[in-house]
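Colleague: Structure: coords-v1.txt, compact mmCIF, C-alpha atoms and all ligand atoms.
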```txt
# COMPACT_ATOMS: atom_id res chain seq x y z
CA MET A 1 77.07 11.13 -104.06
CA SER A 2 78.26 14.35 -102.45
CA LYS A 3 81.73 15.62 -103.29
CA PRO A 4 84.50 15.96 -100.67
CA VAL A 5 84.62 19.52 -99.34
CA VAL A 6 87.78 21.62 -99.59
CA LEU A 7 87.86 24.82 -97.52
CA ILE A 8 90.07 27.61 -98.83
CA ALA A 9 90.79 29.77 -95.79
CA GLU A 10 93.06 32.40 -97.36
CA GLU A 11 93.52 34.08 -100.69
CA LEU A 12 95.34 31.61 -102.92
CA SER A 13 96.35 31.70 -106.58
CA PRO A 14 93.45 30.90 -108.97
CA ALA A 15 95.67 28.06 -110.21
CA THR A 16 94.88 26.26 -106.94
CA VAL A 17 91.21 25.79 -107.74
CA GLU A 18 92.05 24.87 -111.33
CA ALA A 19 94.47 22.21 -110.12
CA LEU A 20 91.90 20.81 -107.68
CA GLY A 21 89.60 20.18 -110.62
CA PRO A 22 85.87 19.46 -110.61
CA ASP A 23 85.80 16.63 -108.06
CA PHE A 24 85.44 18.79 -104.95
CA GLU A 25 83.01 21.21 -103.43
CA ILE A 26 85.07 24.34 -102.80
CA ARG A 27 84.13 26.63 -99.94
CA TYR A 28 85.79 29.82 -98.78
CA THR A 29 86.27 31.48 -95.41
CA ASP A 30 88.51 34.04 -93.74
CA GLY A 31 90.79 31.80 -91.71
CA ALA A 32 92.25 34.70 -89.73
CA ASP A 33 88.79 35.28 -88.23
CA ARG A 34 88.30 32.56 -85.60
CA SER A 35 84.56 33.10 -85.41
CA ALA A 36 84.35 32.36 -89.14
CA LEU A 37 86.94 29.57 -89.19
CA LEU A 38 85.59 27.32 -86.43
CA PRO A 39 82.10 26.79 -87.89
CA ALA A 40 83.47 26.69 -91.44
CA ILE A 41 85.96 23.91 -90.71
CA ALA A 42 83.39 21.70 -88.90
CA ASP A 43 82.44 19.38 -91.78
CA VAL A 44 85.18 19.82 -94.40
CA ASP A 45 87.54 17.13 -95.70
CA ALA A 46 90.49 19.43 -96.34
CA ILE A 47 91.59 22.94 -95.50
CA LEU A 48 94.03 25.06 -97.52
CA VAL A 49 95.85 27.88 -95.72
CA ARG A 50 98.77 30.30 -95.97
CA SER A 51 100.24 31.80 -92.80
CA ALA A 52 97.36 33.81 -91.32
CA THR A 53 95.16 30.85 -90.35
CA LYS A 54 96.03 29.17 -87.08
CA VAL A 55 95.19 25.51 -87.53
CA ASP A 56 95.69 24.70 -83.86
CA GLU A 57 94.33 21.99 -81.57
CA GLU A 58 91.02 23.84 -81.12
CA ALA A 59 90.48 24.16 -84.88
CA ILE A 60 91.47 20.54 -85.48
CA SER A 61 89.07 19.24 -82.82
CA ALA A 62 86.29 21.37 -84.29
CA ALA A 63 86.78 19.55 -87.62
CA SER A 64 85.34 16.08 -87.22
CA ASN A 65 85.65 15.17 -90.91
CA LEU A 66 89.07 16.69 -91.59
CA LYS A 67 91.59 14.51 -93.43
CA VAL A 68 94.14 16.98 -94.80
CA ILE A 69 95.61 20.32 -93.76
CA ALA A 70 97.45 21.87 -96.69
CA ARG A 71 99.84 24.76 -96.16
CA ALA A 72 100.39 26.65 -99.42
CA GLY A 73 103.94 27.58 -98.48
CA VAL A 74 106.92 26.38 -96.49
CA GLY A 75 106.54 27.14 -92.78
CA LEU A 76 104.31 24.93 -90.67
CA ASP A 77 104.46 27.10 -87.58
CA ASN A 78 100.76 28.01 -87.87
CA VAL A 79 99.75 24.34 -87.95
CA ASP A 80 99.75 22.12 -84.86
CA VAL A 81 101.30 19.13 -86.59
CA LYS A 82 101.28 17.05 -83.39
CA ALA A 83 97.56 17.60 -82.79
CA ALA A 84 96.87 16.85 -86.47
CA THR A 85 98.84 13.62 -86.34
CA GLN A 86 97.05 12.54 -83.16
CA ALA A 87 93.73 13.22 -84.87
CA GLY A 88 94.84 11.22 -87.92
CA VAL A 89 94.91 14.32 -90.14
CA MET A 90 97.62 14.53 -92.80
CA VAL A 91 99.60 17.77 -93.07
CA VAL A 92 101.09 18.73 -96.45
CA ASN A 93 103.03 21.79 -97.53
CA ALA A 94 104.86 23.12 -100.58
CA PRO A 95 108.42 23.26 -99.30
CA THR A 96 110.15 24.63 -102.37
CA SER A 97 107.36 26.71 -103.89
CA ASN A 98 108.44 30.12 -102.65
CA ILE A 99 112.12 29.80 -101.73
CA THR A 100 113.30 31.87 -104.72
CA SER A 101 110.81 34.62 -103.92
CA ALA A 102 111.81 34.66 -100.25
CA ALA A 103 115.52 34.81 -101.15
CA GLU A 104 114.92 37.62 -103.65
CA LEU A 105 112.98 39.67 -101.08
CA ALA A 106 115.77 39.24 -98.51
CA VAL A 107 118.32 40.51 -101.06
CA GLY A 108 115.95 43.38 -101.89
CA LEU A 109 115.65 44.38 -98.23
CA LEU A 110 119.40 44.11 -97.84
CA LEU A 111 120.02 46.48 -100.76
CA ALA A 112 117.25 48.78 -99.56
CA THR A 113 118.89 49.12 -96.14
CA ALA A 114 122.36 49.58 -97.65
CA ARG A 115 121.19 52.39 -99.94
CA ASN A 116 118.37 54.01 -97.92
CA ILE A 117 115.97 53.36 -100.77
CA ALA A 118 112.78 53.55 -98.69
CA PRO A 119 113.38 56.83 -96.82
CA ALA A 120 114.92 58.51 -99.90
CA ASN A 121 111.84 57.53 -101.90
CA GLU A 122 109.53 58.89 -99.23
CA ALA A 123 111.49 62.14 -98.89
CA LEU A 124 111.66 62.78 -102.63
CA LYS A 125 107.96 62.14 -103.11
CA GLY A 126 107.44 64.60 -100.27
CA GLY A 127 109.34 67.21 -102.31
CA GLU A 128 112.78 66.84 -100.67
CA TRP A 129 115.90 66.32 -102.84
CA LYS A 130 118.44 65.14 -100.21
CA ARG A 131 121.44 63.44 -101.76
CA SER A 132 123.92 63.51 -98.89
CA LYS A 133 121.40 62.57 -96.20
CA TYR A 134 120.68 59.29 -97.95
CA SER A 135 124.23 58.31 -98.84
CA GLY A 136 124.66 54.57 -98.18
CA VAL A 137 127.20 51.75 -98.18
CA GLU A 138 128.30 49.17 -100.77
CA LEU A 139 128.01 45.42 -100.42
CA TYR A 140 131.32 44.99 -102.28
CA GLU A 141 134.00 43.59 -99.94
CA LYS A 142 131.59 43.68 -96.99
CA THR A 143 130.91 40.62 -94.87
CA VAL A 144 127.41 39.20 -95.05
CA GLY A 145 126.46 36.77 -92.28
CA ILE A 146 123.78 34.26 -93.23
CA VAL A 147 122.06 32.71 -90.24
CA GLY A 148 120.66 29.44 -91.57
CA LEU A 149 122.10 27.96 -94.75
CA GLY A 150 119.14 25.83 -95.77
CA ARG A 151 117.27 26.13 -99.05
CA ILE A 152 116.57 29.86 -98.79
CA GLY A 153 119.88 30.79 -97.16
CA ALA A 154 121.71 28.96 -99.95
CA LEU A 155 119.81 30.89 -102.63
CA VAL A 156 120.64 34.14 -100.85
CA ALA A 157 124.33 33.17 -100.80
CA GLN A 158 124.23 32.34 -104.50
CA ARG A 159 122.68 35.71 -105.32
CA LEU A 160 124.96 37.74 -103.04
CA SER A 161 128.14 36.14 -104.39
CA GLY A 162 127.72 38.34 -107.47
CA PHE A 163 128.18 41.44 -105.31
CA GLY A 164 131.75 40.58 -104.30
CA ALA A 165 130.80 40.30 -100.63
CA GLU A 166 132.50 37.86 -98.27
CA LEU A 167 129.90 35.30 -97.22
CA ILE A 168 129.93 33.62 -93.83
CA ALA A 169 127.20 31.48 -92.32
CA TYR A 170 126.10 29.94 -89.06
CA ASP A 171 124.22 26.68 -89.48
CA PRO A 172 125.01 23.73 -87.22
CA TYR A 173 123.17 21.40 -89.64
CA VAL A 174 125.31 22.22 -92.70
CA SER A 175 128.86 20.87 -92.93
CA THR A 176 131.82 23.16 -93.47
CA ALA A 177 132.52 21.35 -96.76
CA ARG A 178 128.96 21.83 -98.04
CA ALA A 179 129.08 25.53 -97.09
CA ALA A 180 132.43 25.89 -98.85
CA GLN A 181 130.89 24.42 -102.04
CA MET A 182 128.47 27.35 -101.90
CA GLY A 183 131.34 29.83 -101.50
CA VAL A 184 130.45 30.36 -97.84
CA ARG A 185 132.70 30.06 -94.79
CA SER A 186 131.09 28.28 -91.84
CA VAL A 187 131.50 30.12 -88.55
CA SER A 188 130.09 30.11 -85.03
CA LEU A 189 127.19 32.42 -84.24
CA ASP A 190 129.49 34.60 -82.14
CA GLU A 191 131.98 35.00 -84.99
CA LEU A 192 129.16 35.81 -87.40
CA LEU A 193 127.81 38.46 -85.03
CA ALA A 194 131.25 40.00 -84.52
CA LYS A 195 132.28 40.09 -88.19
CA SER A 196 129.16 40.78 -90.25
CA ASP A 197 128.33 44.12 -91.84
CA PHE A 198 124.98 42.62 -92.80
CA ILE A 199 123.16 39.77 -91.07
CA THR A 200 120.34 37.98 -92.85
CA VAL A 201 118.23 35.37 -91.09
CA HIS A 202 116.91 32.26 -92.85
CA LEU A 203 115.67 29.88 -90.18
CA PRO A 204 112.36 28.25 -89.37
CA LYS A 205 110.77 29.44 -86.13
CA THR A 206 111.19 26.87 -83.39
CA PRO A 207 111.58 27.14 -79.60
CA GLU A 208 115.37 27.16 -80.24
CA THR A 209 115.36 29.94 -82.85
CA ALA A 210 112.75 32.29 -81.30
CA GLY A 211 114.62 35.32 -79.99
CA LEU A 212 117.97 34.02 -81.32
CA ILE A 213 118.86 37.52 -82.46
CA GLY A 214 117.83 39.17 -79.20
CA GLU A 215 119.44 41.36 -76.57
CA GLN A 216 122.44 39.06 -75.98
CA ALA A 217 123.24 38.54 -79.65
CA LEU A 218 122.76 42.22 -80.44
CA ALA A 219 125.30 43.07 -77.74
CA LYS A 220 127.92 41.18 -79.78
CA VAL A 221 127.37 42.65 -83.26
CA LYS A 222 129.84 44.66 -85.29
CA PRO A 223 129.06 48.37 -85.03
CA ASN A 224 126.79 49.63 -87.82
CA VAL A 225 125.56 46.20 -88.83
CA ARG A 226 122.33 46.04 -90.87
CA ILE A 227 119.93 43.21 -90.04
CA ILE A 228 117.46 41.50 -92.37
CA ASN A 229 114.64 39.19 -91.34
CA ALA A 230 112.42 37.78 -94.07
CA ALA A 231 112.15 34.40 -92.32
CA ARG A 232 109.84 34.43 -89.30
CA GLY A 233 108.84 37.13 -86.87
CA GLY A 234 110.34 36.84 -83.42
CA ILE A 235 113.62 35.20 -84.48
CA VAL A 236 114.93 38.75 -84.41
CA ASP A 237 113.53 40.29 -81.21
CA GLU A 238 111.84 43.50 -82.36
CA HIS A 239 112.16 45.32 -79.02
CA ALA A 240 115.84 44.42 -78.59
CA LEU A 241 116.47 45.52 -82.18
CA ALA A 242 114.72 48.84 -81.56
CA VAL A 243 116.98 49.43 -78.53
CA ALA A 244 120.11 48.57 -80.56
CA LEU A 245 118.99 50.96 -83.34
CA LYS A 246 118.31 53.70 -80.80
CA GLU A 247 121.74 53.24 -79.25
CA GLY A 248 123.33 53.37 -82.70
CA ARG A 249 124.80 49.85 -82.49
CA VAL A 250 122.73 48.73 -85.47
CA ALA A 251 122.65 51.02 -88.51
CA GLY A 252 119.52 49.71 -90.16
CA ALA A 253 117.18 46.81 -90.68
CA GLY A 254 114.95 45.23 -93.29
CA ILE A 255 112.04 43.43 -91.68
CA ASP A 256 109.33 41.46 -93.51
CA VAL A 257 108.00 39.39 -90.61
CA PHE A 258 106.77 40.20 -87.12
CA ALA A 259 106.26 38.24 -83.91
CA SER A 260 102.56 38.97 -84.08
CA GLU A 261 100.90 39.37 -87.48
CA PRO A 262 99.17 41.30 -88.88
CA CYS A 263 101.38 43.97 -87.33
CA THR A 264 100.45 47.61 -87.70
CA GLU A 265 102.39 49.02 -84.74
CA SER A 266 105.98 48.31 -83.84
CA PRO A 267 108.81 50.24 -82.16
CA LEU A 268 110.72 49.57 -85.40
CA PHE A 269 108.36 51.82 -87.36
CA ASP A 270 109.91 54.86 -85.62
CA PHE A 271 113.23 54.45 -87.43
CA GLU A 272 113.87 55.87 -90.88
CA SER A 273 116.70 53.36 -91.24
CA VAL A 274 114.29 50.44 -90.97
CA VAL A 275 112.48 49.27 -94.08
CA VAL A 276 109.45 47.12 -93.42
CA THR A 277 107.12 45.02 -95.57
CA PRO A 278 104.00 43.08 -94.54
CA HIS A 279 105.23 39.44 -94.81
CA LEU A 280 105.71 39.58 -98.57
CA GLY A 281 108.47 36.97 -98.89
CA ALA A 282 106.25 34.46 -100.68
CA SER A 283 104.02 37.02 -102.32
CA THR A 284 104.85 36.74 -105.99
CA GLU A 285 102.70 35.43 -108.81
CA GLU A 286 105.16 32.65 -109.46
CA ALA A 287 105.49 31.45 -105.87
CA GLN A 288 101.77 31.56 -105.23
CA GLU A 289 101.02 29.64 -108.39
CA ARG A 290 103.60 26.98 -107.53
CA ALA A 291 102.38 26.69 -103.94
CA GLY A 292 98.71 26.50 -104.95
CA ILE A 293 99.27 23.84 -107.62
CA SER A 294 101.55 21.82 -105.36
CA VAL A 295 99.11 21.68 -102.41
CA ALA A 296 96.11 21.11 -104.70
CA LYS A 297 97.85 18.03 -106.12
CA SER A 298 98.69 16.80 -102.62
CA VAL A 299 95.09 17.28 -101.47
CA ARG A 300 93.79 15.35 -104.49
CA LEU A 301 96.15 12.45 -103.78
CA ALA A 302 95.49 12.45 -100.04
CA LEU A 303 91.70 12.50 -100.41
CA ALA A 304 91.94 9.69 -102.96
CA GLY A 305 93.84 7.67 -100.35
CA GLU A 306 97.01 7.70 -102.44
CA LEU A 307 100.57 8.29 -101.35
CA VAL A 308 101.59 11.97 -101.26
CA PRO A 309 105.22 12.27 -102.39
CA ASP A 310 107.52 14.82 -100.72
CA ALA A 311 107.38 17.89 -102.93
C1 LIG B 1 106.03 30.38 -95.98
O1 LIG B 1 106.28 29.90 -94.88
O2 LIG B 1 106.15 29.68 -96.98
C2 LIG B 1 105.49 31.77 -96.14
O3 LIG B 1 105.35 32.42 -94.95
C3 LIG B 1 104.26 31.64 -96.94
C4 LIG B 1 103.25 32.72 -97.00
O4 LIG B 1 103.52 33.89 -96.93
O5 LIG B 1 102.10 32.33 -97.17
```
Translate the structure of the given file into structure tokens.
Modeller:
Amino acid sequence: MSKPVVLIAEELSPATVEALGPDFEIRYTDGADRSALLPAIADVDAILVRSATKVDEEAISAASNLKVIARAGVGLDNVDVKAATQAGVMVVNAPTSNITSAAELAVGLLLATARNIAPANEALKGGEWKRSKYSGVELYEKTVGIVGLGRIGALVAQRLSGFGAELIAYDPYVSTARAAQMGVRSVSLDELLAKSDFITVHLPKTPETAGLIGEQALAKVKPNVRIINAARGGIVDEHALAVALKEGRVAGAGIDVFASEPCTESPLFDFESVVVTPHLGASTEEAQERAGISVAKSVRLALAGELVPDA
């Protein structure tokens, strides 16, 4: 009897294949390349992706045998969950696999923007020893505004509390009491914008959150704020942010995610005060291993017709 086919459409930790075990035929494709993805998905039982593969309605209808879409990570914004459900395809993800890595990268970007680490590094390697040019600011006694106090936002708060910063957060889904337990004061978005020296975004991308930190919000920020986005591209509007940086309203930014990825050109790249990374939030050995093992287990259970527990 032939084995069920699992298509791995992006580079995943080797632990993924190990955790799948010997009961499947494993195939590989480059999911970001539509002309490779569509024929490759046609007869598979399951597909494993990260964020570069768009498993949209077209891909789902091209896959007549598909039973499971597995997202080795948190965000499901590259999967059309509605189309999958209508087609009777189960969607699984690994919702806690990379939250620590994402939180750590956000804190890293925040420190990098506070202390000009990226431009100072570039200048020094280019032979320039410029101490006063790259003087920065402390986090101590500054106000950090966390937009979205879910799993990742909470880990960021926990980590930043050690810096002696005042933590405020906007999250309509988290009670004031719950935020207070985390040492965070709940505020409105307007108050957060007006009071924060640093703003860090930790939201999923939805029609409500896309462009949330756009022209209007950026008109309300405290002068010299630094803005971090390691959540999803487009929640912070890149063009509006570039204008605010140009006008000197925003002092710097740390950006890991872009509205359109891969992104190799952006108005943000013109600013020395902006540190950018290519969507690395989940890119650690630990997070990738956890995500790969978690989705491999879910795929095994789903293809065996067993219940897949929430991770
Ligand atoms: C996530 O949503 O978990 C990350 O974007 C994952 C990734 O980078 O693959």
Colleague: Within 12 Å of (81.3, 13.1, -101.8), all atoms listed in the file: residues as a PyMOL selection string?
Modeller: chain A and resi 1-6+22-26+43-45+65+303-304
Colleague: Please dump the current selection as a PDB file, in the coordinates of the input; keep C-alpha atoms.
Modeller:
```pdb
ATOM      1  CA  MET A   1      77.070  11.130-104.060  1.00  0.00           C
ATOM      2  CA  SER A   2      78.260  14.350-102.450  1.00  0.00           C
ATOM      3  CA  LYS A   3      81.730  15.620-103.290  1.00  0.00           C
ATOM      4  CA  PRO A   4      84.500  15.960-100.670  1.00  0.00           C
ATOM      5  CA  VAL A   5      84.620  19.520 -99.340  1.00  0.00           C
ATOM      6  CA  VAL A   6      87.780  21.620 -99.590  1.00  0.00           C
ATOM      7  CA  PRO A  22      85.870  19.460-110.610  1.00  0.00           C
ATOM      8  CA  ASP A  23      85.800  16.630-108.060  1.00  0.00           C
ATOM      9  CA  PHE A  24      85.440  18.790-104.950  1.00  0.00           C
ATOM     10  CA  GLU A  25      83.010  21.210-103.430  1.00  0.00           C
ATOM     11  CA  ILE A  26      85.070  24.340-102.800  1.00  0.00           C
ATOM     12  CA  ASP A  43      82.440  19.380 -91.780  1.00  0.00           C
ATOM     13  CA  VAL A  44      85.180  19.820 -94.400  1.00  0.00           C
ATOM     14  CA  ASP A  45      87.540  17.130 -95.700  1.00  0.00           C
ATOM     15  CA  ASN A  65      85.650  15.170 -90.910  1.00  0.00           C
ATOM     16  CA  LEU A 303      91.700  12.500-100.410  1.00  0.00           C
ATOM     17  CA  ALA A 304      91.940   9.690-102.960  1.00  0.00           C
TER      18      ALA A 304
END
```
Colleague: Which one of A:Glu58, A:Glu18, A:Asp77, A:Glu261 sits closest to ligand LIG 1 (chain B) if you count all atoms listed in the file?
Modeller: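 Nearest to ligand LIG 1 (chain B): A:Asp77.
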Colleague: Where does region 225-267 of chain A meet region 274-287 of chain A within 7 Å, residue by residue, with the nearest atom pair and distance in Å to one decimal for each, counting all atoms listed in the file, listed by chain and rising number, as a tab-separated table?
Modeller:
```
residue	atom	partner	partner_atom	distance
A:Ala230	CA	A:Gly281	CA	6.3
A:Gly252	CA	A:Val274	CA	5.3
A:Ala253	CA	A:Val274	CA	4.6
A:Gly254	CA	A:Val275	CA	4.8
A:Ile255	CA	A:Val276	CA	4.8
A:Asp256	CA	A:Thr277	CA	4.7
A:Val257	CA	A:His279	CA	5.0
```
Colleague: Mind checking which residues fall within 9 Å of Gly148 (chain A), counting all atoms listed in the file, ignoring those fewer than 3 positions away in the same chain, and posting them as JSON, numbers by chain?
Modeller: {"A": [151, 152, 153, 154, 169, 170, 171, 172, 173, 174, 200, 201, 202, 203, 204]}
Colleague: Once you have the residues from the selection above, write them out as a tab-separated table (two decimals), in the coordinates of the input, restricted to C-alpha atoms.
Modeller:
```
chain	number	residue	atom	x	y	z
A	151	ARG	CA	117.27	26.13	-99.05
A	152	ILE	CA	116.57	29.86	-98.79
A	153	GLY	CA	119.88	30.79	-97.16
A	154	ALA	CA	121.71	28.96	-99.95
A	169	ALA	CA	127.20	31.48	-92.32
A	170	TYR	CA	126.10	29.94	-89.06
A	171	ASP	CA	124.22	26.68	-89.48
A	172	PRO	CA	125.01	23.73	-87.22
A	173	TYR	CA	123.17	21.40	-89.64
A	174	VAL	CA	125.31	22.22	-92.70
A	200	THR	CA	120.34	37.98	-92.85
A	201	VAL	CA	118.23	35.37	-91.09
A	202	HIS	CA	116.91	32.26	-92.85
A	203	LEU	CA	115.67	29.88	-90.18
A	204	PRO	CA	112.36	28.25	-89.37
```
Colleague: Could you state the separation of CA of Asp33 (chain A) and CA of Glu289 (chain A) in Å, given to one decimal place?
Modeller: 24.2 Å
Colleague: One decimal, Å: what's the distance from CA of Val221 (chain A) over to CA of Leu160 (chain A), could you say?
Modeller: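 These two atoms are separated by 20.5 Å.
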Colleague: Record the distance separating CA of Ala219 (chain A) and CA of Phe271 (chain A), expressed in Å with one decimal.
Modeller: 19.2 Å
Colleague: Got a sec: who's within 8 Å of Gly136 (chain A), counting only C-alpha atoms, leaving out chain neighbours fewer than 6 positions off, as a count of residues only?
Modeller: 3
Colleague: Distance limit 6 Å, reference ligand LIG 1 (chain B), atoms considered: only C-alpha atoms and all ligand atoms. Which residues make the cut? Give them as a ChimeraX atom specification.
Modeller: /A:50-51,73-75,282
Colleague: I'd like the neighbourhood of Val92 (chain A) as a PyMOL selection string, where a residue qualifies if any of its atoms comes within 12 Å (using only C-alpha atoms), though same-chain residues fewer than 2 positions away should be ignored.
Modeller: chain A and resi 46-50+67-76+79+81+84-85+89-90+94-95+291-292+294-303+307-311
Colleague: Of the residues A:Val236, A:Ala210, A:Leu12, A:Leu149, which is the one nearest to Val184 (chain A), using all atoms listed in the file?
Modeller: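 Between A:Val236, A:Ala210, A:Leu12, A:Leu149, the residue approaching Val184 (chain A) most closely is A:Leu149.
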Colleague: Between A:Gly183, A:Gly108, A:Gly162, A:Gly127, which residue has the minimum interatomic distance to Tyr140 (chain A), considering all atoms listed in the file?
Modeller: A:Gly162
Colleague: Take every atom of region 36-46 of chain A listed in the file, fit an axis-aligned box around them, add 6 Å per side, and give the centre and edge lengths in Å to one decimal as lines of an AutoDock Vina configuration file.
Modeller:
```
center_x = 86.3
center_y = 24.7
center_z = -91.4
size_x = 20.4
size_y = 27.2
size_z = 21.9
```
Colleague: Leaving out Val144 (chain A) and any residue of its chain fewer than 2 positions from it, which residues lie within 9 Å of it when counting all atoms listed in the file, given as a list in words?
Modeller: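 Here the answer would be Leu139, Lys142, Ile146, Ala157, Leu160, Ala165, Glu166, Leu167, Ile168, Ala169, Leu192, Lys195, Ser196, Asp197, Phe198, Ile199 and Thr200 of chain A.
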Colleague: Ranking A:Ala259, A:Leu20, A:Ala251, A:Val225 by minimum distance to Glu238 (chain A) and counting all atoms listed in the file, which one comes first?
Modeller: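 The shortest atom-to-atom distance to Glu238 (chain A) comes from A:Ala259.
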Colleague: From the set A:Glu122, A:Glu104, A:Glu191, A:Glu141, which residue has the shortest atom-to-atom contact distance to Val156 (chain A), counting only C-alpha atoms?
Modeller: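 Ranked by minimum distance to Val156 (chain A), first place goes to A:Glu104.
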